[in-house]
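Coordinates from input_21.cif are shown below (mmCIF, C-alpha atoms).
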```cif
data_final
loop_
_atom_site.label_atom_id
_atom_site.label_comp_id
_atom_site.auth_asym_id
_atom_site.auth_seq_id
_atom_site.Cartn_x
_atom_site.Cartn_y
_atom_site.Cartn_z
CA MET O 119 102.92 64.94 91.42
CA GLN O 120 106.68 64.67 91.93
CA MET O 121 108.35 68.01 91.25
CA HIS O 122 111.92 68.38 89.97
CA PRO O 123 113.58 71.81 90.33
CA ASN O 124 114.63 73.47 87.09
CA LYS O 125 115.72 76.88 85.84
CA ASP O 126 112.16 78.22 86.18
CA THR O 127 111.62 76.99 89.75
CA GLN O 128 110.62 79.82 92.10
CA LEU O 129 112.52 79.77 95.39
CA CYS O 130 110.99 80.64 98.76
CA MET O 131 112.93 80.68 102.01
CA SER O 132 112.94 81.48 105.69
CA LEU O 133 115.32 83.42 107.93
CA SER O 134 115.65 82.43 111.57
CA ALA O 135 118.22 82.35 114.34
CA ARG O 136 117.47 78.64 114.78
CA PRO O 137 116.01 77.23 111.55
CA GLY O 138 113.61 74.31 111.85
CA ASN O 139 112.16 71.87 109.33
CA PHE O 140 108.43 72.61 109.74
CA GLY O 141 108.19 75.36 107.12
CA LEU O 142 110.42 73.52 104.67
CA ARG O 143 108.37 70.32 104.90
CA PHE O 144 105.01 72.14 104.97
CA HIS O 145 105.62 74.30 101.90
CA ASN O 146 107.43 71.68 99.81
CA HIS O 147 104.72 69.11 100.55
CA LEU O 148 102.03 71.47 99.28
CA TYR O 149 104.08 72.48 96.23
CA GLU O 150 104.32 68.81 95.31
CA GLN O 151 100.67 68.02 96.02
CA LEU O 152 99.44 71.01 94.01
CA GLY O 153 101.94 70.66 91.16
CA LEU O 154 103.57 74.05 91.74
CA ASN O 155 107.09 74.72 90.47
CA PHE O 156 108.39 76.11 93.76
CA TYR O 157 111.04 75.06 96.28
CA TYR O 158 111.45 76.16 99.91
CA LYS O 159 114.69 76.26 101.94
CA ALA O 160 115.39 77.41 105.52
CA PHE O 161 118.39 79.65 106.26
CA SER O 162 120.11 81.43 109.13
CA SER O 163 122.27 84.53 108.69
CA GLN O 164 124.41 86.93 110.64
CA ASP O 165 124.04 89.50 107.85
CA LEU O 166 120.41 90.57 107.65
CA PRO O 167 120.89 93.41 105.11
CA GLY O 168 122.86 91.03 102.89
CA ALA O 169 120.20 88.34 103.18
CA ILE O 170 117.36 90.73 102.32
CA GLY O 171 119.40 92.17 99.48
CA GLY O 172 119.88 88.63 98.20
CA ILE O 173 116.12 88.08 98.13
CA ARG O 174 115.75 91.12 95.89
CA ALA O 175 118.80 90.47 93.70
CA LEU O 176 118.18 86.76 93.12
CA GLY O 177 114.44 86.98 92.55
CA ILE O 178 113.52 84.84 95.55
CA ARG O 179 109.72 84.93 95.65
CA GLY O 180 109.04 84.85 99.38
CA CYS O 181 110.71 84.78 102.76
CA GLY O 182 109.39 83.84 106.19
CA VAL O 183 111.08 85.87 108.93
CA SER O 184 111.45 84.64 112.51
CA MET O 185 113.16 85.85 115.69
CA PRO O 186 115.26 87.92 116.02
CA PHE O 187 114.73 89.64 112.66
CA LYS O 188 111.04 90.60 112.71
CA GLU O 189 111.58 94.25 113.58
CA ALA O 190 115.03 94.90 112.11
CA ALA O 191 113.93 93.75 108.64
CA ILE O 192 111.27 96.47 108.38
CA ALA O 193 113.79 99.11 107.30
CA LEU O 194 115.02 96.85 104.49
CA VAL O 195 111.77 96.38 102.53
CA ASP O 196 109.88 98.65 100.14
CA GLU O 197 106.28 98.44 101.34
CA LEU O 198 104.43 97.48 104.51
CA ASP O 199 101.05 95.80 104.62
CA ASP O 200 98.59 97.20 107.19
CA SER O 201 99.28 94.16 109.39
CA VAL O 202 102.90 95.30 109.72
CA GLN O 203 102.27 99.02 110.04
CA ALA O 204 99.92 98.41 112.95
CA ILE O 205 102.44 96.54 115.05
CA ASP O 206 105.91 97.36 113.63
CA SER O 207 106.74 93.69 113.19
CA LEU O 208 106.89 91.52 110.06
CA ASN O 209 107.14 87.79 109.49
CA THR O 210 106.68 87.52 105.73
CA ILE O 211 108.30 89.20 102.72
CA VAL O 212 106.89 88.84 99.20
CA ASN O 213 109.09 89.78 96.25
CA THR O 214 107.28 90.94 93.13
CA HIS O 215 109.80 91.83 90.41
CA GLY O 216 112.25 93.28 92.93
CA HIS O 217 109.62 95.07 95.04
CA LEU O 218 109.61 93.73 98.59
CA LYS O 219 106.34 93.94 100.53
CA ALA O 220 106.10 92.82 104.16
CA TYR O 221 103.18 91.17 105.94
CA ASN O 222 102.49 89.71 109.38
CA THR O 223 100.66 86.38 109.22
CA ASP O 224 101.38 85.69 112.91
CA TYR O 225 98.68 88.26 113.71
CA ILE O 226 96.20 86.46 111.45
CA ALA O 227 96.99 83.12 113.07
CA VAL O 228 96.48 84.35 116.63
CA GLU O 229 93.25 86.11 115.67
CA GLN O 230 91.89 82.88 114.17
CA LEU O 231 92.97 80.69 117.11
CA LEU O 232 91.33 82.85 119.78
CA LYS O 233 88.07 82.50 117.86
CA LYS O 234 88.54 78.77 117.17
CA HIS O 235 89.11 77.99 120.86
CA ALA O 236 86.31 80.37 121.93
CA VAL O 237 88.41 82.08 124.59
CA PRO O 238 86.04 84.51 126.40
CA GLN O 239 86.81 88.14 125.60
CA ASP O 240 86.51 89.13 129.25
CA SER O 241 89.33 86.75 130.25
CA THR O 242 92.12 88.32 132.25
CA PHE O 243 95.52 87.48 130.78
CA ALA O 244 99.26 87.80 131.27
CA LEU O 245 101.46 87.85 128.19
CA ARG O 246 105.12 87.15 128.82
CA GLY O 247 107.42 88.73 126.23
CA SER O 248 108.04 92.05 124.47
CA GLY O 249 109.59 91.28 121.07
CA GLY O 250 108.18 91.18 117.56
CA MET O 251 106.00 88.11 118.10
CA ALA O 252 104.72 89.56 121.38
CA LYS O 253 103.58 92.64 119.45
CA ALA O 254 101.66 90.46 116.99
CA VAL O 255 99.99 88.41 119.73
CA ALA O 256 99.16 91.40 121.94
CA SER O 257 97.77 93.36 118.99
CA ALA O 258 95.53 90.45 118.01
CA LEU O 259 94.31 90.27 121.61
CA ARG O 260 93.55 93.98 121.73
CA ASP O 261 91.79 93.97 118.36
CA GLY O 262 89.86 90.87 119.43
CA GLY O 263 88.40 92.73 122.41
CA TYR O 264 90.62 91.32 125.18
CA ALA O 265 91.04 94.40 127.35
CA ASN O 266 92.08 92.95 130.73
CA GLY O 267 95.73 92.15 130.22
CA VAL O 268 99.21 92.66 131.60
CA ILE O 269 102.44 92.58 129.59
CA VAL O 270 105.08 90.80 131.68
CA ALA O 271 108.60 91.56 130.50
CA ARG O 272 111.98 91.82 132.18
CA ASN O 273 112.99 94.40 129.58
CA GLU O 274 111.23 97.38 131.14
CA ARG O 275 111.73 99.75 128.22
CA ALA O 276 110.31 97.34 125.62
CA GLY O 277 107.65 95.99 127.98
CA ARG O 278 106.35 99.42 128.98
CA ALA O 279 106.38 100.62 125.36
CA LEU O 280 104.36 97.63 124.18
CA ALA O 281 101.89 97.91 127.07
CA GLN O 282 101.36 101.64 126.61
CA HIS O 283 100.97 101.32 122.85
CA LEU O 284 98.16 98.79 123.26
CA GLY O 285 96.54 100.08 126.44
CA TYR O 286 97.71 97.33 128.79
CA ALA O 287 99.55 97.37 132.11
CA TRP O 288 103.19 96.29 132.46
CA GLN O 289 104.98 94.32 135.16
CA GLY O 290 108.51 92.98 135.33
CA ASP O 291 107.35 89.64 136.75
CA MET O 292 104.22 87.72 137.74
CA THR O 293 104.01 89.02 141.31
CA GLY O 294 100.38 89.23 142.41
CA LEU O 295 98.99 87.98 139.10
CA ARG O 296 96.62 85.01 138.77
CA PRO O 297 95.14 85.54 135.28
CA GLN O 298 92.65 83.31 133.52
CA MET O 299 94.84 83.06 130.40
CA LEU O 300 98.63 82.67 130.31
CA ILE O 301 100.51 83.42 127.10
CA ASN O 302 104.20 82.67 126.60
CA VAL O 303 105.86 84.65 123.81
CA THR O 304 109.47 84.05 124.89
CA PRO O 305 111.97 81.31 123.91
CA ILE O 306 111.44 79.56 127.27
CA GLY O 307 110.73 75.89 126.56
CA MET O 308 112.18 75.99 123.03
CA THR O 309 114.26 73.02 121.92
CA GLY O 310 117.94 73.91 121.78
CA GLY O 311 117.59 76.99 123.97
CA ALA O 312 119.14 77.69 127.35
CA GLU O 313 115.76 77.21 129.05
CA ALA O 314 114.48 74.28 126.98
CA GLU O 315 113.28 72.34 130.06
CA ALA O 316 111.86 75.32 131.95
CA LEU O 317 108.25 76.36 132.54
CA ALA O 318 107.43 79.85 131.31
CA PHE O 319 105.12 80.30 134.34
CA ASP O 320 105.29 78.86 137.84
CA ALA O 321 103.25 75.71 138.44
CA ASP O 322 100.92 77.35 140.99
CA ILE O 323 100.06 80.11 138.49
CA ILE O 324 99.33 77.55 135.77
CA GLU O 325 97.02 75.65 138.12
CA THR O 326 94.76 78.69 138.65
CA ALA O 327 94.52 79.56 134.92
CA ARG O 328 91.85 78.36 132.48
CA THR O 329 93.73 78.71 129.20
CA VAL O 330 97.44 78.33 128.46
CA PHE O 331 98.81 79.58 125.13
CA ASP O 332 102.45 78.92 124.18
CA VAL O 333 103.71 80.29 120.86
CA VAL O 334 106.85 78.13 120.99
CA ALA O 335 106.45 75.54 118.21
CA ILE O 336 109.56 73.41 118.71
CA PRO O 337 108.87 71.05 120.37
CA ALA O 338 105.18 70.69 119.49
CA GLU O 339 104.48 70.00 123.19
CA THR O 340 106.57 72.37 125.32
CA PRO O 341 107.03 71.84 129.06
CA LEU O 342 104.38 74.52 129.60
CA ILE O 343 101.84 72.79 127.35
CA VAL O 344 102.58 69.37 128.84
CA HIS O 345 102.07 70.71 132.37
CA ALA O 346 98.91 72.59 131.40
CA ARG O 347 97.37 69.53 129.73
CA ALA O 348 98.17 67.42 132.79
CA ASN O 349 96.24 69.93 134.88
CA GLY O 350 93.20 69.91 132.59
CA LYS O 351 93.69 73.34 131.07
CA GLN O 352 92.57 74.47 127.65
CA VAL O 353 95.73 74.80 125.55
CA ILE O 354 96.65 76.65 122.38
CA THR O 355 99.97 75.51 120.95
CA GLY O 356 102.73 77.07 118.93
CA LEU O 357 102.23 74.33 116.37
CA GLU O 358 98.75 75.70 115.70
CA VAL O 359 100.21 79.20 115.27
CA ILE O 360 103.01 78.13 112.96
CA ALA O 361 100.65 76.04 110.83
CA ILE O 362 98.14 78.83 110.19
CA GLN O 363 100.77 81.49 109.61
CA ALA O 364 102.57 79.14 107.19
CA LEU O 365 99.30 78.57 105.31
CA GLU O 366 98.76 82.31 104.91
CA GLN O 367 102.38 82.70 103.73
CA PHE O 368 101.83 79.92 101.19
CA VAL O 369 98.82 81.79 99.77
CA LEU O 370 100.79 85.05 99.54
CA TYR O 371 103.69 83.35 97.73
CA THR O 372 101.69 81.23 95.28
CA GLY O 373 98.24 82.80 94.97
CA VAL O 374 96.77 79.35 95.68
CA ARG O 375 94.75 78.42 98.78
CA PRO O 376 94.85 74.69 99.61
CA THR O 377 91.74 72.87 100.77
CA GLN O 378 91.32 72.16 104.49
CA GLU O 379 92.20 68.50 103.83
CA GLN O 380 95.37 69.47 101.94
CA PHE O 381 96.32 71.86 104.75
CA GLU O 382 95.82 69.23 107.45
CA LYS O 383 97.86 66.66 105.52
CA ALA O 384 100.68 69.18 105.06
CA VAL O 385 100.72 69.93 108.80
CA ALA O 386 100.81 66.20 109.62
CA PHE O 387 103.67 65.69 107.15
CA ALA O 388 105.61 68.69 108.46
CA ARG O 389 105.42 67.38 112.04
CA LEU O 390 107.13 64.06 111.20
#
```
Conversion result in structure tokens:
Amino acid sequence: MQMHPNKDTQLCMSLSARPGNFGLRFHNHLYEQLGLNFYYKAFSSQDLPGAIGGIRALGIRGCGVSMPFKEAAIALVDELDDSVQAIDSLNTIVNTHGHLKAYNTDYIAVEQLLKKHAVPQDSTFALRGSGGMAKAVASALRDGGYANGVIVARNERAGRALAQHLGYAWQGDMTGLRPQMLINVTPIGMTGGAEAEALAFDADIIETARTVFDVVAIPAETPLIVHARANGKQVITGLEVIAIQALEQFVLYTGVRPTQEQFEKAVAFARL
């Protein structure tokens, strides 16, 4: 069903330092397929309080929140879901008649993917990163029973705080580490970034790992994922993360859960 925006159309949006097209194409495709009077638009902003205030003032139904706003936005909403309170990081805001409630669907996505790929719970791992997404991933690992991990972060204050909060060790680099699972939760390998062509982990460390997990979704195949595949490693991609978290956002915004076939078609469309 072809939808045409009108005065009753409900607007959803995203806030990101570097907006992409995946969410826009994913959500709008499903709105059209399901005959929902919604429209989705991606934005960037240098004025986070103004942007969040605009969501409330203009009646925007939902907002996806990406780096670097996942922690700073917490103080600007009215209510926190348990998924946010547990990790002090949000990625979704739902506006119900001016009341803004925050959720974290990144956590849900990571939880589902670890189960889907049957990553053994006794796997040793190194997680590189210490920001809002790193909190979501590390919390899902802890709650999933993955106890043998190290948080690797150049920012000692943030890295130590995250590690201590979740019961993991911290290191500033990968010295002496040869874990079974490598997880990149930094912008390394992201299209348009300063390190777009770089590997998040050294090649010799990748070669001794079993599973490589990169949360970077743009491009769909980062240098880390390409290298890991070439070396026969099990991979979990950022595209998988962004697809599941977008699905859960869609359900929160609309109250409708697409079928698996509708979901898969929306992901395929969004990737084009």
Check your understanding: Nearest to Phe187 of chain O among O:Ile301, O:Met251, O:Leu148, O:Val228, with distances taken over all atoms listed in the file: which residue is it?
Key ->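 Among the listed residues, O:Met251 lies closest to Phe187 of chain O.
Among the candidates O:Gly247, O:Gly277, O:Gly177, O:Pro167, the residue lying nearest to Asp126 of chain O is O:Gly177 (atoms considered: all atoms listed in the file).
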Study note, to complete from the structure: Between O:Ala258, O:Met308, O:Ala204, O:Leu142, smallest distance to Leu231 of chain O by all atoms listed in the file belongs to O:Ala258
Review point. So which residues touch Ala361 of chain O within 10 Å, counting all atoms listed in the file, skipping near sequence neighbours fewer than 2 positions away, as a ChimeraX atom specification?
Key: /O:140-141,144,224,227,335,356-359,363-367,381-382,384-386,388-389
Just to be explicit: take each residue in the selection above, keep C-alpha atoms, and write the result as a PDB file, keeping the file's coordinate frame.
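Output file out_2.pdb is given in full below:
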```pdb
ATOM      1  CA  PHE O 140     108.430  72.610 109.740  1.00  0.00           C
ATOM      2  CA  GLY O 141     108.190  75.360 107.120  1.00  0.00           C
ATOM      3  CA  PHE O 144     105.010  72.140 104.970  1.00  0.00           C
ATOM      4  CA  ASP O 224     101.380  85.690 112.910  1.00  0.00           C
ATOM      5  CA  ALA O 227      96.990  83.120 113.070  1.00  0.00           C
ATOM      6  CA  ALA O 335     106.450  75.540 118.210  1.00  0.00           C
ATOM      7  CA  GLY O 356     102.730  77.070 118.930  1.00  0.00           C
ATOM      8  CA  LEU O 357     102.230  74.330 116.370  1.00  0.00           C
ATOM      9  CA  GLU O 358      98.750  75.700 115.700  1.00  0.00           C
ATOM     10  CA  VAL O 359     100.210  79.200 115.270  1.00  0.00           C
ATOM     11  CA  GLN O 363     100.770  81.490 109.610  1.00  0.00           C
ATOM     12  CA  ALA O 364     102.570  79.140 107.190  1.00  0.00           C
ATOM     13  CA  LEU O 365      99.300  78.570 105.310  1.00  0.00           C
ATOM     14  CA  GLU O 366      98.760  82.310 104.910  1.00  0.00           C
ATOM     15  CA  GLN O 367     102.380  82.700 103.730  1.00  0.00           C
ATOM     16  CA  PHE O 381      96.320  71.860 104.750  1.00  0.00           C
ATOM     17  CA  GLU O 382      95.820  69.230 107.450  1.00  0.00           C
ATOM     18  CA  ALA O 384     100.680  69.180 105.060  1.00  0.00           C
ATOM     19  CA  VAL O 385     100.720  69.930 108.800  1.00  0.00           C
ATOM     20  CA  ALA O 386     100.810  66.200 109.620  1.00  0.00           C
ATOM     21  CA  ALA O 388     105.610  68.690 108.460  1.00  0.00           C
ATOM     22  CA  ARG O 389     105.420  67.380 112.040  1.00  0.00           C
TER      23      ARG O 389
END
```
Point to revise | Given only C-alpha atoms as the counted atoms, nearest of O:Asn213, O:Gly250, O:Ala244, O:Asn273 to Gly294 of chain O | key: O:Ala244
Study note, to complete from the structure: Using all atoms listed in the file, the best pick from O:Gln151, O:Ser162, O:Glu197, O:His122 as closest to Phe387 of chain O would be O:Gln151
Practice item. Give the answer as one residue: which of O:Leu176, O:Asp206, O:Arg143, O:Asn155 has the shortest atom-to-atom distance to Asn124 of chain O, using all atoms listed in the file? Key: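 For Asn124 of chain O, the nearest of the given residues is O:Asn155.
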Practice item. Please indicate the distance in Å from atom CA of Gln230 of chain O to atom CA of Phe331 of chain O, rounded to one decimal place. Key: 13.4 Å
Exercise for review: Find the residues around segment 263-267 of chain O up to 6 Å (all atoms listed in the file counted), leave out those fewer than 3 positions away in its own chain, and share them as number ranges by chain.
Suggested key: O: 239, 242-244, 259-260, 286
Practice item. Determine the residue membership of the PyMOL selection byres ((chain O and resi 133) around 10) for the file above and supply it as a PyMOL selection string. Key: chain O and resi 131-132+134-137+159-163+166+169-170+181-188+209-210
**Study point:** Close residues, Thr372 of chain O itself excluded, 12 Å, all atoms listed in the file, min 4 positions apart in chain, as an MDAnalysis selection string
**Key:** chainID O and resid 128:130 145 148:149 152:158 179:180 212:214 365:368 376
Run the PyMOL selection byres ((chain O and resi 320) around 12) against the file shown and list the residues it catches, as an mmCIF file with C-alpha atoms, in the frame of the given file.
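Dumped to out31.cif:
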```
data_model
loop_
_atom_site.group_PDB
_atom_site.id
_atom_site.type_symbol
_atom_site.label_atom_id
_atom_site.label_comp_id
_atom_site.auth_asym_id
_atom_site.auth_seq_id
_atom_site.Cartn_x
_atom_site.Cartn_y
_atom_site.Cartn_z
ATOM 1 C CA ASP O 291 107.350 89.640 136.750
ATOM 2 C CA MET O 292 104.220 87.720 137.740
ATOM 3 C CA THR O 293 104.010 89.020 141.310
ATOM 4 C CA LEU O 295 98.990 87.980 139.100
ATOM 5 C CA ARG O 296 96.620 85.010 138.770
ATOM 6 C CA LEU O 300 98.630 82.670 130.310
ATOM 7 C CA ASN O 302 104.200 82.670 126.600
ATOM 8 C CA ALA O 316 111.860 75.320 131.950
ATOM 9 C CA LEU O 317 108.250 76.360 132.540
ATOM 10 C CA ALA O 318 107.430 79.850 131.310
ATOM 11 C CA PHE O 319 105.120 80.300 134.340
ATOM 12 C CA ALA O 321 103.250 75.710 138.440
ATOM 13 C CA ASP O 322 100.920 77.350 140.990
ATOM 14 C CA ILE O 323 100.060 80.110 138.490
ATOM 15 C CA ILE O 324 99.330 77.550 135.770
ATOM 16 C CA GLU O 325 97.020 75.650 138.120
ATOM 17 C CA THR O 326 94.760 78.690 138.650
ATOM 18 C CA ALA O 327 94.520 79.560 134.920
ATOM 19 C CA PRO O 341 107.030 71.840 129.060
ATOM 20 C CA LEU O 342 104.380 74.520 129.600
ATOM 21 C CA HIS O 345 102.070 70.710 132.370
ATOM 22 C CA ALA O 346 98.910 72.590 131.400
#
```
Check your understanding: What's the 6 Å shell around Arg328 of chain O, counting only C-alpha atoms, without same-chain residues fewer than 3 positions away, as a PyMOL selection string?
Key -> chain O and resi 298-299+351
Output of the above residues as an mmCIF file, in the coordinates of the input, restricted to C-alpha atoms:
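Ended up saving to result-v3.cif:
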```
data_model
loop_
_atom_site.group_PDB
_atom_site.id
_atom_site.type_symbol
_atom_site.label_atom_id
_atom_site.label_comp_id
_atom_site.auth_asym_id
_atom_site.auth_seq_id
_atom_site.Cartn_x
_atom_site.Cartn_y
_atom_site.Cartn_z
ATOM 1 C CA GLN O 298 92.650 83.310 133.520
ATOM 2 C CA MET O 299 94.840 83.060 130.400
ATOM 3 C CA LYS O 351 93.690 73.340 131.070
#
```
Using the partial input, fill out segment 346-375 of chain O with N, CA and C atoms; write the result as a short mmCIF file (atom, residue, chain, number, x, y, z; two decimals), keeping the file's coordinate frame.
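Result file follows (result-v2.cif):
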```cif
data_model
loop_
_atom_site.label_atom_id
_atom_site.label_comp_id
_atom_site.auth_asym_id
_atom_site.auth_seq_id
_atom_site.Cartn_x
_atom_site.Cartn_y
_atom_site.Cartn_z
N ALA O 346 100.28 72.07 131.46
CA ALA O 346 98.91 72.59 131.40
C ALA O 346 97.91 71.48 131.06
N ARG O 347 98.25 70.65 130.09
CA ARG O 347 97.37 69.53 129.73
C ARG O 347 97.16 68.60 130.93
N ALA O 348 98.25 68.33 131.65
CA ALA O 348 98.17 67.42 132.79
C ALA O 348 97.27 67.97 133.89
N ASN O 349 97.09 69.29 133.89
CA ASN O 349 96.24 69.93 134.88
C ASN O 349 94.87 70.30 134.32
N GLY O 350 94.54 69.74 133.15
CA GLY O 350 93.20 69.91 132.59
C GLY O 350 92.89 71.27 132.02
N LYS O 351 93.91 72.01 131.62
CA LYS O 351 93.69 73.34 131.07
C LYS O 351 93.43 73.30 129.57
N GLN O 352 92.68 74.27 129.09
CA GLN O 352 92.57 74.47 127.65
C GLN O 352 93.93 74.96 127.15
N VAL O 353 94.43 74.37 126.06
CA VAL O 353 95.73 74.80 125.55
C VAL O 353 95.63 75.25 124.10
N ILE O 354 96.45 76.22 123.76
CA ILE O 354 96.65 76.65 122.38
C ILE O 354 98.16 76.55 122.15
N THR O 355 98.56 75.82 121.13
CA THR O 355 99.97 75.51 120.95
C THR O 355 100.63 76.35 119.86
N GLY O 356 101.95 76.40 119.96
CA GLY O 356 102.73 77.07 118.93
C GLY O 356 102.63 76.37 117.59
N LEU O 357 102.41 75.05 117.62
CA LEU O 357 102.23 74.33 116.37
C LEU O 357 101.02 74.84 115.61
N GLU O 358 99.94 75.15 116.34
CA GLU O 358 98.75 75.70 115.70
C GLU O 358 99.06 77.06 115.07
N VAL O 359 99.84 77.87 115.79
CA VAL O 359 100.21 79.20 115.27
C VAL O 359 101.05 79.06 114.01
N ILE O 360 102.08 78.23 114.09
CA ILE O 360 103.01 78.13 112.96
C ILE O 360 102.32 77.53 111.73
N ALA O 361 101.36 76.64 111.96
CA ALA O 361 100.65 76.04 110.83
C ALA O 361 99.79 77.06 110.10
N ILE O 362 99.01 77.85 110.84
CA ILE O 362 98.14 78.83 110.19
C ILE O 362 98.94 79.94 109.53
N GLN O 363 99.99 80.42 110.23
CA GLN O 363 100.77 81.49 109.61
C GLN O 363 101.50 80.99 108.36
N ALA O 364 101.92 79.71 108.37
CA ALA O 364 102.57 79.14 107.19
C ALA O 364 101.58 79.02 106.03
N LEU O 365 100.34 78.65 106.34
CA LEU O 365 99.30 78.57 105.31
C LEU O 365 99.09 79.93 104.65
N GLU O 366 98.98 80.97 105.47
CA GLU O 366 98.76 82.31 104.91
C GLU O 366 99.97 82.78 104.10
N GLN O 367 101.19 82.40 104.52
CA GLN O 367 102.38 82.70 103.73
C GLN O 367 102.32 81.99 102.38
N PHE O 368 101.93 80.71 102.41
CA PHE O 368 101.83 79.92 101.19
C PHE O 368 100.91 80.62 100.18
N VAL O 369 99.78 81.11 100.66
CA VAL O 369 98.82 81.79 99.77
C VAL O 369 99.44 83.07 99.19
N LEU O 370 100.16 83.82 100.02
CA LEU O 370 100.79 85.05 99.54
C LEU O 370 101.86 84.76 98.48
N TYR O 371 102.62 83.69 98.67
CA TYR O 371 103.69 83.35 97.73
C TYR O 371 103.16 82.83 96.40
N THR O 372 102.13 81.97 96.47
CA THR O 372 101.69 81.23 95.28
C THR O 372 100.39 81.72 94.66
N GLY O 373 99.57 82.41 95.45
CA GLY O 373 98.24 82.80 94.97
C GLY O 373 97.25 81.66 95.00
N VAL O 374 97.63 80.54 95.61
CA VAL O 374 96.77 79.35 95.68
C VAL O 374 96.43 79.06 97.14
N ARG O 375 95.15 78.81 97.43
CA ARG O 375 94.75 78.42 98.78
C ARG O 375 94.39 76.93 98.80
#
```
